[in-house]
file input_24.txt (compact mmCIF, C-alpha atoms and all ligand atoms)
# COMPACT_ATOMS: atom_id res chain seq x y z
CA MET A 1024 -77.79 35.98 84.46
CA ASP A 1025 -76.62 35.71 88.08
CA LYS A 1026 -76.29 31.98 87.57
CA LEU A 1027 -73.94 32.47 84.61
CA LYS A 1028 -72.00 35.16 86.45
CA LYS A 1029 -70.97 32.51 88.97
CA TYR A 1030 -68.91 30.89 86.20
CA GLU A 1031 -67.38 34.05 84.78
CA TYR A 1032 -63.97 33.08 86.17
CA SER A 1033 -64.13 29.82 84.15
CA MET A 1034 -65.14 31.73 81.01
CA ASP A 1035 -62.35 34.28 81.46
CA SER A 1036 -59.72 31.66 82.26
CA CYS A 1037 -60.08 29.67 79.05
CA ASN A 1038 -56.74 30.08 77.29
CA HIS A 1039 -57.97 28.62 73.98
CA CYS A 1040 -55.46 25.77 74.21
CA GLY A 1041 -57.89 23.23 72.75
CA GLN A 1042 -57.11 20.47 75.24
CA CYS A 1043 -60.86 20.03 75.78
CA LYS A 1044 -61.06 18.40 72.34
CA TRP A 1045 -58.29 15.84 72.81
CA ILE A 1046 -57.10 13.28 75.29
CA LEU A 1047 -53.80 14.23 76.88
CA PRO A 1048 -50.73 13.66 74.65
CA PRO A 1049 -49.07 11.11 77.01
CA LYS A 1050 -52.21 8.98 76.77
CA MET A 1051 -52.54 9.26 72.98
CA HIS A 1052 -51.90 6.27 70.74
CA GLY A 1053 -51.51 8.60 67.76
CA TRP A 1054 -53.90 11.10 66.20
CA ASP A 1055 -56.51 8.49 65.41
CA PHE A 1056 -58.81 7.84 68.40
CA ALA A 1057 -57.49 10.90 70.24
CA GLU A 1058 -60.43 13.25 69.76
CA ILE A 1059 -62.70 13.36 72.76
CA CYS A 1060 -65.46 15.89 72.04
CA PRO A 1061 -68.20 14.28 69.92
CA ILE A 1062 -69.66 17.58 68.68
CA HIS A 1063 -66.32 19.09 67.70
CA ARG A 1064 -65.28 15.90 65.96
CA TYR A 1065 -68.44 16.02 63.85
CA HIS A 1066 -68.96 19.74 63.22
CA ARG A 1067 -65.29 20.77 62.94
CA PHE A 1068 -66.05 24.22 64.27
CA ASP A 1069 -64.78 25.65 67.55
CA ALA A 1070 -68.20 26.82 68.71
CA TYR A 1071 -69.00 23.11 69.03
CA SER A 1072 -66.67 22.34 71.92
CA GLY A 1073 -66.16 23.06 75.61
CA GLN A 1074 -63.97 26.00 74.62
CA GLY A 1075 -66.61 27.35 72.24
CA LEU A 1076 -69.43 26.96 74.73
CA LEU A 1077 -67.41 28.81 77.38
CA ASN A 1078 -66.90 31.64 74.89
CA ILE A 1079 -70.59 31.62 73.95
CA SER A 1080 -71.52 31.77 77.65
CA LYS A 1081 -69.31 34.84 78.07
CA GLU A 1082 -70.92 36.59 75.12
CA VAL A 1083 -74.37 35.82 76.52
CA LEU A 1084 -73.29 37.18 79.89
CA ASN A 1085 -72.01 40.36 78.20
CA GLY A 1086 -75.24 40.73 76.27
CA LYS A 1087 -73.44 40.43 72.92
CA LEU A 1088 -75.17 37.17 72.04
CA LYS A 1089 -78.92 36.94 72.47
CA ILE A 1090 -80.67 33.81 73.66
CA GLY A 1091 -83.10 32.51 71.06
CA GLU A 1092 -81.11 33.60 68.03
CA GLY A 1093 -79.37 30.34 67.21
CA LEU A 1094 -76.85 29.55 69.94
CA GLU A 1095 -79.24 26.81 71.13
CA LYS A 1096 -78.39 24.73 68.06
CA VAL A 1097 -74.85 24.39 69.40
CA LEU A 1098 -75.86 24.18 73.04
CA TRP A 1099 -78.27 21.28 72.66
CA SER A 1100 -76.00 19.43 70.28
CA CYS A 1101 -73.64 18.92 73.23
CA THR A 1102 -74.07 15.48 74.80
CA MET A 1103 -73.09 16.77 78.27
CA CYS A 1104 -70.57 13.94 78.41
CA GLY A 1105 -68.01 15.91 80.42
CA ALA A 1106 -64.97 14.78 78.41
CA CYS A 1107 -64.04 18.42 77.74
CA ASP A 1108 -64.27 19.12 81.45
CA VAL A 1109 -61.92 16.41 82.70
CA ASN A 1110 -59.40 17.06 79.94
CA CYS A 1111 -59.49 20.81 80.50
CA LYS A 1112 -58.88 20.22 84.20
CA SER A 1113 -55.48 18.77 83.33
CA VAL A 1114 -54.48 22.28 82.21
CA ARG A 1115 -56.83 24.67 84.05
CA ASP A 1116 -58.86 24.30 87.24
CA ILE A 1117 -62.10 25.62 85.80
CA GLU A 1118 -65.67 24.36 85.44
CA VAL A 1119 -66.38 23.76 81.76
CA LEU A 1120 -69.32 21.36 82.11
CA GLU A 1121 -70.97 23.30 84.96
CA THR A 1122 -70.84 26.41 82.76
CA ILE A 1123 -72.42 24.59 79.81
CA HIS A 1124 -75.11 23.22 82.11
CA THR A 1125 -75.79 26.66 83.55
CA LEU A 1126 -76.14 28.14 80.06
CA ARG A 1127 -78.69 25.40 79.33
CA THR A 1128 -80.57 26.27 82.49
CA VAL A 1129 -80.66 29.96 81.55
CA CYS A 1130 -81.76 29.19 77.98
CA ALA A 1131 -84.46 26.79 79.23
CA GLU A 1132 -85.74 29.50 81.60
CA GLU A 1133 -85.94 31.86 78.62
CA GLY A 1134 -88.22 29.36 76.88
CA THR A 1135 -85.79 28.09 74.26
CA ALA A 1136 -85.46 24.44 75.32
CA PRO A 1137 -85.91 21.99 72.42
CA GLU A 1138 -89.36 20.52 71.81
CA SER A 1139 -88.05 16.97 72.30
CA LEU A 1140 -86.82 17.86 75.78
CA LEU A 1141 -90.09 19.50 76.77
CA SER A 1142 -92.03 16.53 75.45
CA MET A 1143 -89.87 14.16 77.52
CA ALA A 1144 -90.39 16.33 80.61
CA LYS A 1145 -94.17 16.14 80.07
CA LYS A 1146 -93.95 12.36 79.88
CA VAL A 1147 -91.96 12.25 83.13
CA GLU A 1148 -94.51 14.50 84.83
CA GLU A 1149 -97.48 12.42 83.68
CA THR A 1150 -96.12 8.86 83.72
CA HIS A 1151 -92.97 9.12 85.90
CA ASN A 1152 -90.80 7.68 83.12
CA ILE A 1153 -88.99 9.21 80.14
CA TYR A 1154 -90.81 7.04 77.59
CA GLY A 1155 -94.39 7.99 78.45
CA GLU A 1156 -95.22 4.35 79.17
CA SER A 1157 -97.89 3.45 81.68
CA HIS A 1158 -96.56 3.71 85.24
CA ASP A 1159 -98.43 0.48 86.09
CA LYS A 1160 -96.09 -1.41 83.76
CA ARG A 1161 -92.82 -0.25 85.33
CA PHE A 1162 -92.31 -3.68 86.92
CA ALA A 1163 -94.48 -5.68 84.47
CA TRP A 1164 -91.47 -7.81 83.53
CA LEU A 1165 -91.12 -9.34 87.01
CA PRO A 1166 -91.73 -13.09 86.92
CA GLU A 1167 -95.00 -14.17 88.48
CA GLY A 1168 -94.61 -14.95 92.15
CA PHE A 1169 -91.33 -13.04 92.49
CA GLU A 1170 -90.66 -12.09 96.12
CA ASP A 1171 -88.28 -9.41 97.31
CA ASP A 1172 -87.24 -8.76 100.91
CA LYS A 1173 -89.81 -6.16 101.85
CA ASP A 1174 -88.16 -5.23 105.16
CA SER A 1175 -84.70 -4.74 103.68
CA ASP A 1176 -83.10 -1.30 103.90
CA THR A 1177 -81.33 -2.01 100.59
CA VAL A 1178 -83.22 -1.14 97.44
CA LEU A 1179 -82.60 -2.18 93.84
CA PHE A 1180 -83.48 0.87 91.73
CA VAL A 1181 -84.19 -0.42 88.22
CA GLY A 1182 -84.69 2.91 86.39
CA CYS A 1183 -86.85 3.87 83.40
CA SER A 1184 -84.73 1.66 81.14
CA ALA A 1185 -86.48 -1.37 82.67
CA TYR A 1186 -89.24 -0.56 80.14
CA THR A 1187 -86.90 -0.94 77.18
CA HIS A 1188 -84.32 -3.34 78.64
CA PRO A 1189 -86.00 -5.47 81.31
CA GLU A 1190 -83.27 -8.06 80.76
CA ILE A 1191 -80.82 -5.73 82.55
CA ALA A 1192 -83.02 -5.41 85.63
CA LEU A 1193 -83.67 -9.17 85.60
CA ALA A 1194 -79.93 -9.83 85.36
CA ALA A 1195 -79.28 -7.52 88.31
CA ILE A 1196 -81.88 -9.42 90.32
CA LYS A 1197 -80.31 -12.73 89.37
CA ILE A 1198 -76.86 -11.51 90.47
CA LEU A 1199 -78.15 -10.25 93.83
CA LYS A 1200 -80.20 -13.39 94.51
CA ALA A 1201 -77.30 -15.68 93.55
CA GLY A 1202 -75.00 -13.73 95.87
CA GLY A 1203 -77.47 -13.89 98.77
CA VAL A 1204 -77.99 -10.09 98.88
CA LYS A 1205 -81.25 -9.09 100.53
CA PHE A 1206 -83.01 -6.22 98.79
CA ARG A 1207 -86.40 -4.73 98.09
CA LEU A 1208 -87.97 -3.08 95.05
CA LEU A 1209 -89.87 0.20 95.28
CA ARG A 1210 -92.36 -0.99 92.66
CA GLU A 1211 -95.12 1.63 92.09
CA GLU A 1212 -93.23 4.10 94.27
CA GLU A 1213 -90.19 4.11 91.99
CA PHE A 1214 -90.22 7.16 89.66
CA CYS A 1215 -87.65 8.32 87.08
CA CYS A 1216 -84.33 9.42 88.65
CA GLY A 1217 -84.56 12.81 86.90
CA ALA A 1218 -81.15 12.79 85.17
CA SER A 1219 -82.61 13.74 81.78
CA LEU A 1220 -84.46 16.74 83.24
CA TRP A 1221 -81.34 17.96 85.02
CA ARG A 1222 -79.12 17.38 81.98
CA GLY A 1223 -81.54 19.40 79.86
CA GLY A 1224 -81.41 22.32 82.27
CA LEU A 1225 -85.07 21.99 83.32
CA MET A 1226 -84.18 22.78 86.89
CA ALA A 1227 -87.64 23.32 88.38
CA ASP A 1228 -88.84 19.96 87.02
CA ALA A 1229 -85.63 18.23 88.09
CA GLU A 1230 -85.77 19.67 91.59
CA LYS A 1231 -89.39 18.65 92.10
CA LEU A 1232 -88.73 15.04 91.06
CA ILE A 1233 -85.40 14.69 92.84
CA SER A 1234 -86.78 16.13 96.09
CA ARG A 1235 -89.68 13.69 95.87
CA ASN A 1236 -87.31 10.75 95.39
CA MET A 1237 -84.98 11.86 98.19
CA ALA A 1238 -87.95 12.20 100.57
CA LEU A 1239 -89.12 8.70 99.59
CA PHE A 1240 -85.70 7.14 100.32
CA LYS A 1241 -85.72 8.86 103.70
CA GLU A 1242 -89.28 7.90 104.56
CA LYS A 1243 -88.58 4.24 103.68
CA GLY A 1244 -85.38 4.21 105.74
CA ILE A 1245 -83.28 3.21 102.73
CA LYS A 1246 -79.61 2.81 103.69
CA LYS A 1247 -78.28 1.45 100.42
CA ILE A 1248 -79.38 2.00 96.82
CA ILE A 1249 -78.12 -0.41 94.17
CA THR A 1250 -78.81 0.76 90.64
CA ALA A 1251 -79.22 -1.49 87.63
CA CYS A 1252 -78.66 1.51 85.32
CA ALA A 1253 -75.56 3.69 84.94
CA GLU A 1254 -77.72 6.76 84.36
CA CYS A 1255 -79.47 6.44 87.76
CA PHE A 1256 -76.10 5.78 89.43
CA GLY A 1257 -74.49 8.92 87.99
CA SER A 1258 -77.61 10.83 88.90
CA PHE A 1259 -77.66 9.75 92.56
CA ARG A 1260 -73.93 10.43 92.97
CA GLY A 1261 -73.34 13.46 90.78
CA ILE A 1262 -76.69 15.27 90.69
CA TYR A 1263 -78.72 14.49 93.83
CA PRO A 1264 -76.20 15.97 96.32
CA ARG A 1265 -76.91 19.38 94.71
CA PHE A 1266 -80.42 19.20 96.20
CA GLY A 1267 -79.57 17.90 99.68
CA ALA A 1268 -77.50 15.29 101.48
CA MET A 1269 -77.90 11.75 100.15
CA GLU A 1270 -78.12 9.64 103.27
CA ALA A 1271 -78.11 6.29 101.49
CA GLU A 1272 -74.96 4.68 100.11
CA VAL A 1273 -75.18 4.40 96.33
CA LEU A 1274 -73.71 1.46 94.44
CA HIS A 1275 -73.95 0.30 90.85
CA ILE A 1276 -74.70 -3.38 90.28
CA THR A 1277 -71.19 -3.88 88.84
CA GLN A 1278 -69.67 -2.79 92.16
CA VAL A 1279 -71.84 -5.26 94.07
CA ALA A 1280 -71.19 -8.05 91.57
CA ALA A 1281 -67.41 -7.53 91.59
CA LYS A 1282 -67.41 -7.80 95.40
CA LEU A 1283 -69.57 -10.95 95.33
CA LEU A 1284 -67.13 -12.51 92.85
CA GLU A 1285 -64.12 -11.50 94.93
CA GLU A 1286 -65.69 -13.01 98.06
CA GLY A 1287 -66.57 -16.20 96.20
CA LYS A 1288 -70.29 -15.70 96.82
CA ILE A 1289 -71.08 -16.23 93.17
CA THR A 1290 -69.30 -18.75 91.02
CA LEU A 1291 -69.18 -18.86 87.27
CA LYS A 1292 -69.42 -21.65 84.74
CA THR A 1293 -67.63 -22.02 81.42
CA ASP A 1294 -69.85 -22.20 78.39
CA GLY A 1295 -67.13 -22.87 75.87
CA GLU A 1296 -67.63 -19.46 74.28
CA MET A 1297 -64.39 -17.69 73.37
CA GLN A 1298 -64.82 -14.03 72.71
CA LYS A 1299 -62.69 -10.95 72.36
CA LEU A 1300 -64.49 -8.07 74.02
CA THR A 1301 -63.93 -4.44 74.71
CA TYR A 1302 -65.53 -2.49 77.53
CA HIS A 1303 -67.13 0.88 76.78
CA ASP A 1304 -67.19 3.11 79.89
CA PRO A 1305 -70.57 4.89 80.13
CA CYS A 1306 -70.17 8.58 81.04
CA MET A 1307 -72.67 8.26 83.89
CA LEU A 1308 -70.86 5.31 85.45
CA GLY A 1309 -67.44 6.80 84.75
CA ARG A 1310 -66.37 10.43 84.89
CA LEU A 1311 -69.85 11.86 85.54
CA SER A 1312 -70.49 9.59 88.51
CA GLU A 1313 -67.80 11.28 90.54
CA PRO A 1314 -69.44 12.46 93.77
CA TRP A 1315 -70.45 16.13 93.70
CA GLU A 1316 -69.62 18.38 96.64
CA ALA A 1317 -70.87 21.91 97.16
CA TRP A 1318 -68.30 24.71 97.11
CA GLU A 1319 -68.83 28.35 98.04
CA GLY A 1320 -65.90 30.68 98.47
CA GLU A 1321 -63.62 33.20 96.91
CA ILE A 1322 -61.45 32.88 93.82
CA LYS A 1323 -58.21 34.72 94.52
CA PRO A 1324 -55.47 35.73 92.05
CA TYR A 1325 -53.92 32.86 90.08
CA GLY A 1326 -57.17 30.90 90.53
CA LEU A 1327 -56.57 30.05 94.16
CA HIS A 1328 -59.90 28.78 95.51
CA VAL A 1329 -60.49 29.59 99.17
CA PRO A 1330 -61.53 27.39 100.91
CA GLU A 1331 -59.87 24.63 98.94
CA LYS A 1332 -62.13 23.11 96.33
CA LYS A 1333 -62.41 19.39 95.58
CA TRP A 1334 -62.32 19.23 91.78
CA ARG A 1335 -64.16 16.53 89.86
CA ARG A 1336 -61.44 15.26 87.53
CA GLY A 1337 -63.16 12.04 86.51
CA PHE A 1338 -60.72 9.71 88.30
CA ASP A 1339 -63.29 8.64 90.90
CA GLY A 1340 -65.71 6.96 88.51
CA VAL A 1341 -66.42 3.21 88.47
CA TYR A 1342 -63.74 1.77 86.21
CA ALA A 1343 -62.13 -1.18 88.02
CA GLU A 1344 -65.19 -3.24 88.89
CA PRO A 1345 -66.62 -3.80 85.40
CA ARG A 1346 -63.14 -4.81 84.25
CA ALA A 1347 -62.77 -7.18 87.23
CA ILE A 1348 -66.06 -8.84 86.25
CA LEU A 1349 -64.90 -9.38 82.67
CA GLU A 1350 -61.59 -10.72 83.95
CA ALA A 1351 -63.45 -13.25 86.13
CA ILE A 1352 -65.63 -14.65 83.33
CA PRO A 1353 -63.99 -17.76 81.85
CA GLY A 1354 -63.14 -17.73 78.17
CA LEU A 1355 -63.21 -13.99 77.60
CA GLU A 1356 -60.36 -11.88 76.35
CA THR A 1357 -60.69 -8.17 76.94
CA VAL A 1358 -58.94 -5.46 74.93
CA GLU A 1359 -58.92 -1.77 75.85
CA MET A 1360 -59.90 0.97 73.46
CA PRO A 1361 -57.48 3.96 73.43
CA ARG A 1362 -60.25 6.21 74.76
CA ASN A 1363 -61.11 4.55 78.05
CA LYS A 1364 -62.08 5.27 81.67
CA GLU A 1365 -62.25 9.06 82.25
CA ASP A 1366 -61.28 9.54 78.59
CA ALA A 1367 -63.96 7.29 77.12
CA LEU A 1368 -65.70 8.61 74.00
CA CYS A 1369 -69.38 9.24 74.73
CA CYS A 1370 -71.89 7.18 72.70
CA ALA A 1371 -73.80 10.47 72.07
CA TYR A 1372 -77.20 8.84 72.68
CA HIS A 1373 -78.50 11.85 74.59
CA SER A 1374 -78.20 14.13 71.55
CA ARG A 1375 -80.12 11.79 69.24
CA GLU A 1376 -83.12 14.10 69.12
CA THR A 1377 -81.22 17.38 68.91
CA ASP A 1378 -78.34 16.44 66.58
CA GLY A 1379 -79.11 13.05 65.05
CA ASP A 1380 -76.35 13.07 62.43
CA MET A 1381 -73.66 13.89 65.00
CA SER A 1382 -75.03 11.24 67.35
CA ALA A 1383 -75.00 8.53 64.64
CA CYS A 1384 -71.53 9.56 63.45
CA THR A 1385 -70.19 9.36 67.03
CA ALA A 1386 -71.63 5.86 67.53
CA GLU A 1387 -69.97 4.79 64.25
CA GLU A 1388 -66.67 6.20 65.48
CA ARG A 1389 -66.86 4.26 68.74
CA ILE A 1390 -67.59 1.06 66.83
CA ARG A 1391 -64.64 1.78 64.50
CA GLU A 1392 -62.44 2.11 67.59
CA ALA A 1393 -63.68 -1.18 69.06
CA LYS A 1394 -63.14 -3.02 65.77
CA ALA A 1395 -59.68 -1.52 65.35
CA MET A 1396 -58.70 -3.18 68.61
CA GLY A 1397 -59.88 -6.53 67.27
CA ALA A 1398 -62.96 -6.70 69.49
CA GLU A 1399 -65.83 -8.92 68.36
CA LYS A 1400 -68.28 -7.44 70.81
CA ILE A 1401 -68.71 -4.31 72.93
CA VAL A 1402 -69.78 -4.72 76.53
CA SER A 1403 -71.13 -1.78 78.48
CA ALA A 1404 -73.15 -1.06 81.60
CA CYS A 1405 -75.68 1.48 80.38
CA PRO A 1406 -78.95 0.82 78.51
CA PHE A 1407 -78.56 4.05 76.51
CA CYS A 1408 -75.08 3.08 75.29
CA LEU A 1409 -76.61 -0.27 74.34
CA ASP A 1410 -79.23 1.48 72.21
CA ALA A 1411 -76.65 3.77 70.63
CA LEU A 1412 -74.02 1.19 69.74
CA SER A 1413 -75.81 -2.09 69.11
CA ASP A 1414 -77.06 -1.29 65.59
CA ALA A 1415 -73.74 -1.96 63.88
CA MET A 1416 -71.87 -4.31 66.20
CA PRO A 1417 -72.70 -7.11 68.65
CA MET A 1418 -73.14 -5.58 72.07
CA GLU A 1419 -74.18 -6.83 75.50
CA ASP A 1420 -74.87 -5.33 78.88
CA ILE A 1421 -72.34 -6.47 81.47
CA SER A 1422 -74.98 -7.61 84.00
CA VAL A 1423 -76.73 -9.69 81.35
CA LEU A 1424 -73.39 -11.18 80.30
CA LEU A 1425 -72.44 -12.02 83.89
CA ALA A 1426 -75.87 -13.47 84.71
CA ARG A 1427 -75.48 -15.95 81.81
CA TYR A 1428 -72.38 -17.35 83.47
CA ILE A 1429 -73.67 -17.62 87.02
CA GLU A 1430 -73.47 -21.20 88.21
CA GLU A 1431 -75.94 -21.22 91.07
CA GLY A 1432 -79.03 -19.29 92.09
CA GLY A 1433 -80.21 -19.09 88.51
CA ALA A 1434 -83.91 -18.99 89.36
CA ILE A 1435 -85.44 -15.76 90.50
S1 LIG B 1501 -59.01 22.97 77.55
FE1 LIG B 1501 -60.00 24.46 78.90
S2 LIG B 1501 -58.64 26.23 78.78
FE2 LIG B 1501 -58.13 24.97 77.02
S3 LIG B 1501 -59.48 25.70 75.35
FE3 LIG B 1501 -60.59 24.05 76.34
S4 LIG B 1501 -61.89 25.07 77.86
FE4 LIG B 1501 -60.29 26.54 77.26
S1 LIG B 1502 -69.73 17.88 77.17
FE1 LIG B 1502 -68.97 16.43 75.63
S2 LIG B 1502 -70.05 17.00 73.74
FE2 LIG B 1502 -70.30 18.73 75.17
S3 LIG B 1502 -68.62 20.13 74.63
FE3 LIG B 1502 -67.89 18.79 76.29
S4 LIG B 1502 -66.85 17.06 75.25
FE4 LIG B 1502 -68.11 18.14 73.73

call {"tool": "encode", "arguments": {"input": "input_24.txt", "output": "structure tokens"}}
result
Amino acid sequence: MDKLKKYEYSMDSCNHCGQCKWILPPKMHGWDFAEICPIHRYHRFDAYSGQGLLNISKEVLNGKLKIGEGLEKVLWSCTMCGACDVNCKSVRDIEVLETIHTLRTVCAEEGTAPESLLSMAKKVEETHNIYGESHDKRFAWLPEGFEDDKDSDTVLFVGCSAYTHPEIALAAIKILKAGGVKFRLLREEEFCCGASLWRGGLMADAEKLISRNMALFKEKGIKKIITACAECFGSFRGIYPRFGAMEAEVLHITQVAAKLLEEGKITLKTDGEMQKLTYHDPCMLGRLSEPWEAWEGEIKPYGLHVPEKKWRRGFDGVYAEPRAILEAIPGLETVEMPRNKEDALCCAYHSRETDGDMSACTAEERIREAKAMGAEKIVSACPFCLDALSDAMPMEDISVLLARYIEEGGAI
């Protein structure tokens, strides 16, 4: 309970205003498309919200609610998207998401983690990927004879999603090669980034894997990590610093691609296609990718944090670069959804196993929002968003889209 106690100030400071369920009024386009918490939107019950989970945490801390008697249903419905957290921070400087995560950690330690999470953790332990696929096949999609720059101190980290979406990793390679970026692959030494373990509150498993990966980057002298996957990016920036200093610079492929376009190092062709697109900000590339910094200190009256604390408000995510890429591609028209950037609605993929109906309903809502803006296609930068949203609407990964338009350096 000591872990939860650390967030007692956040629990006590909730003023029940409800802002964690809505985007801020000045940003609203009306009531429609203003709700931000996927679980509250679906369940219509306050327990299912940042506010509710803060209150539940307090009752657990006070011993009034017992772990294992049903609160887990609410807790593992949460997608851990952080939308409650950034919206709450416009009214209170408190840690909503960190509290929810800590409650998960405590519940997991008490043996009440969902079966699906434990099964995934077993797969990661045995095969080093979340799907339980053979580790030997992690890079099976590489074209025969493909050569990387083995002495480079820049690595392209493809992530577990290369099993399900190798086209994203291949597109990232095409972009880097076309732009003349030297990089290496870790091949059999690349393991899962560990985001799913951490998100699920399996801290011992997460720490073991993350420490292993950090030691590997150090041993290999890696100075720059480019990720093909938003999940790995958010993990390296927002989770890894909790376990030690990340010495390597971390970039998402969209950041590298936007710079290559700006510098004229990759040029694009027109293919005559005219499309109206909308960009869906993945949580792990957006608000959850904000760099994490440790804070220890004292909370004085009126919430004054001494020493001063750097709050993660979601503004420092990667928002401009994907939009710059879409702007640069000839023949595309981009429209914004009302819930965008730090206020993007989560696709809810990560609660598919624990609250399938809510997850499906949230994906439908996001598609409704895209269609309401007149979009013909959703573009995103995360393989999990792709899986969540592509059932009912045309969808494409931004790297794959960009790679189709690259004029030169097409062969990898
Ligand atoms: S926005 Fe923050 S203070 Fe307001 S109800 Fe939600 S958690 Fe509580
Ligand atoms: S993290 Fe997302 S799903 Fe969970 S309570 Fe906050 S807004 Fe709702």

call {"tool": "atom_distance", "arguments": {"input": "input_24.txt", "atom1": "atom CA of A:Pro1345", "atom2": "atom CA of A:Asn1363"}}
result
12.4 Å

call {"tool": "closest_atom_pairs", "arguments": {"input": "input_24.txt", "of": "chain A", "to": "ligand LIG 1502 (chain B)", "cutoff": "7 Å", "atoms": "only C-alpha atoms and all ligand atoms", "output": "Markdown table"}}
result
| residue | atom | partner | partner_atom | distance |
| --- | --- | --- | --- | --- |
| A:Cys1043 | CA | B:LIG1502 | S4 | 6.7 |
| A:Lys1044 | CA | B:LIG1502 | S4 | 6.6 |
| A:Ile1059 | CA | B:LIG1502 | S4 | 6.1 |
| A:Cys1060 | CA | B:LIG1502 | S4 | 3.7 |
| A:Pro1061 | CA | B:LIG1502 | S2 | 5.0 |
| A:Ile1062 | CA | B:LIG1502 | S2 | 5.1 |
| A:His1063 | CA | B:LIG1502 | FE4 | 6.4 |
| A:Tyr1071 | CA | B:LIG1502 | S3 | 6.4 |
| A:Ser1072 | CA | B:LIG1502 | S3 | 4.0 |
| A:Gly1073 | CA | B:LIG1502 | S3 | 3.9 |
| A:Leu1076 | CA | B:LIG1502 | S3 | 6.9 |
| A:Cys1101 | CA | B:LIG1502 | FE2 | 3.9 |
| A:Thr1102 | CA | B:LIG1502 | S2 | 4.4 |
| A:Met1103 | CA | B:LIG1502 | S1 | 3.7 |
| A:Cys1104 | CA | B:LIG1502 | FE1 | 4.1 |
| A:Gly1105 | CA | B:LIG1502 | S1 | 4.2 |
| A:Ala1106 | CA | B:LIG1502 | S4 | 4.3 |
| A:Cys1107 | CA | B:LIG1502 | S4 | 4.0 |
| A:Asp1108 | CA | B:LIG1502 | FE3 | 6.3 |
| A:Leu1120 | CA | B:LIG1502 | S1 | 6.1 |

call {"tool": "closest_residue", "arguments": {"input": "input_24.txt", "among": "A:Ser1413, A:Thr1177, A:Arg1222, A:Ala1317", "to": "A:Glu1272", "atoms": "only C-alpha atoms"}}
result
A:Thr1177

call {"tool": "residues_near_ligand", "arguments": {"input": "input_24.txt", "ligand": "ligand LIG 1501 (chain B)", "cutoff": "12 Å", "atoms": "only C-alpha atoms and all ligand atoms", "output": "ChimeraX atom specification"}}
result
/A:1032-1047,1059-1060,1063,1069-1080,1105-1123

call {"tool": "residues_around", "arguments": {"input": "input_24.txt", "residues": "stretch 1391-1393 of chain A", "least_positions_apart": "3", "cutoff": "8 Å", "atoms": "only C-alpha atoms", "output": "JSON, numbers by chain"}}
result
{"A": [1056, 1301, 1360, 1361, 1387, 1388, 1396, 1397, 1398, 1400, 1401]}

call {"tool": "atom_distance", "arguments": {"input": "input_24.txt", "atom1": "atom CA of A:Ile1233", "atom2": "atom CA of A:His1328"}}
result
29.3 Å

call {"tool": "build_atoms", "arguments": {"input": "input_24.txt", "residues": "stretch 1307-1318 of chain A", "atoms": "N, CA and C atoms", "output": "PDB file, in the coordinates of the input"}}
result
ATOM      1  N   MET A1307     -71.994   8.134  82.598  1.00  0.00           N
ATOM      2  CA  MET A1307     -72.670   8.260  83.890  1.00  0.00           C
ATOM      3  C   MET A1307     -72.218   7.219  84.918  1.00  0.00           C
ATOM      4  N   LEU A1308     -71.465   6.227  84.490  1.00  0.00           N
ATOM      5  CA  LEU A1308     -70.860   5.310  85.450  1.00  0.00           C
ATOM      6  C   LEU A1308     -69.398   5.704  85.669  1.00  0.00           C
ATOM      7  N   GLY A1309     -68.831   6.383  84.689  1.00  0.00           N
ATOM      8  CA  GLY A1309     -67.440   6.800  84.750  1.00  0.00           C
ATOM      9  C   GLY A1309     -67.285   8.212  85.272  1.00  0.00           C
ATOM     10  N   ARG A1310     -66.771   9.091  84.394  1.00  0.00           N
ATOM     11  CA  ARG A1310     -66.370  10.430  84.890  1.00  0.00           C
ATOM     12  C   ARG A1310     -67.511  11.223  85.513  1.00  0.00           C
ATOM     13  N   LEU A1311     -68.754  11.033  85.006  1.00  0.00           N
ATOM     14  CA  LEU A1311     -69.850  11.860  85.540  1.00  0.00           C
ATOM     15  C   LEU A1311     -70.441  11.299  86.833  1.00  0.00           C
ATOM     16  N   SER A1312     -69.963  10.136  87.260  1.00  0.00           N
ATOM     17  CA  SER A1312     -70.490   9.590  88.510  1.00  0.00           C
ATOM     18  C   SER A1312     -69.658  10.039  89.711  1.00  0.00           C
ATOM     19  N   GLU A1313     -68.636  10.820  89.431  1.00  0.00           N
ATOM     20  CA  GLU A1313     -67.800  11.280  90.540  1.00  0.00           C
ATOM     21  C   GLU A1313     -68.664  12.075  91.520  1.00  0.00           C
ATOM     22  N   PRO A1314     -68.565  11.773  92.819  1.00  0.00           N
ATOM     23  CA  PRO A1314     -69.440  12.460  93.770  1.00  0.00           C
ATOM     24  C   PRO A1314     -69.298  13.979  93.686  1.00  0.00           C
ATOM     25  N   TRP A1315     -70.424  14.661  93.776  1.00  0.00           N
ATOM     26  CA  TRP A1315     -70.450  16.130  93.700  1.00  0.00           C
ATOM     27  C   TRP A1315     -70.465  16.703  95.114  1.00  0.00           C
ATOM     28  N   GLU A1316     -69.633  17.706  95.333  1.00  0.00           N
ATOM     29  CA  GLU A1316     -69.620  18.380  96.640  1.00  0.00           C
ATOM     30  C   GLU A1316     -69.796  19.867  96.428  1.00  0.00           C
ATOM     31  N   ALA A1317     -70.619  20.474  97.286  1.00  0.00           N
ATOM     32  CA  ALA A1317     -70.870  21.910  97.160  1.00  0.00           C
ATOM     33  C   ALA A1317     -69.593  22.694  97.462  1.00  0.00           C
ATOM     34  N   TRP A1318     -69.407  23.809  96.783  1.00  0.00           N
ATOM     35  CA  TRP A1318     -68.300  24.710  97.110  1.00  0.00           C
ATOM     36  C   TRP A1318     -68.790  26.151  97.017  1.00  0.00           C
TER      37      TRP A1318
END
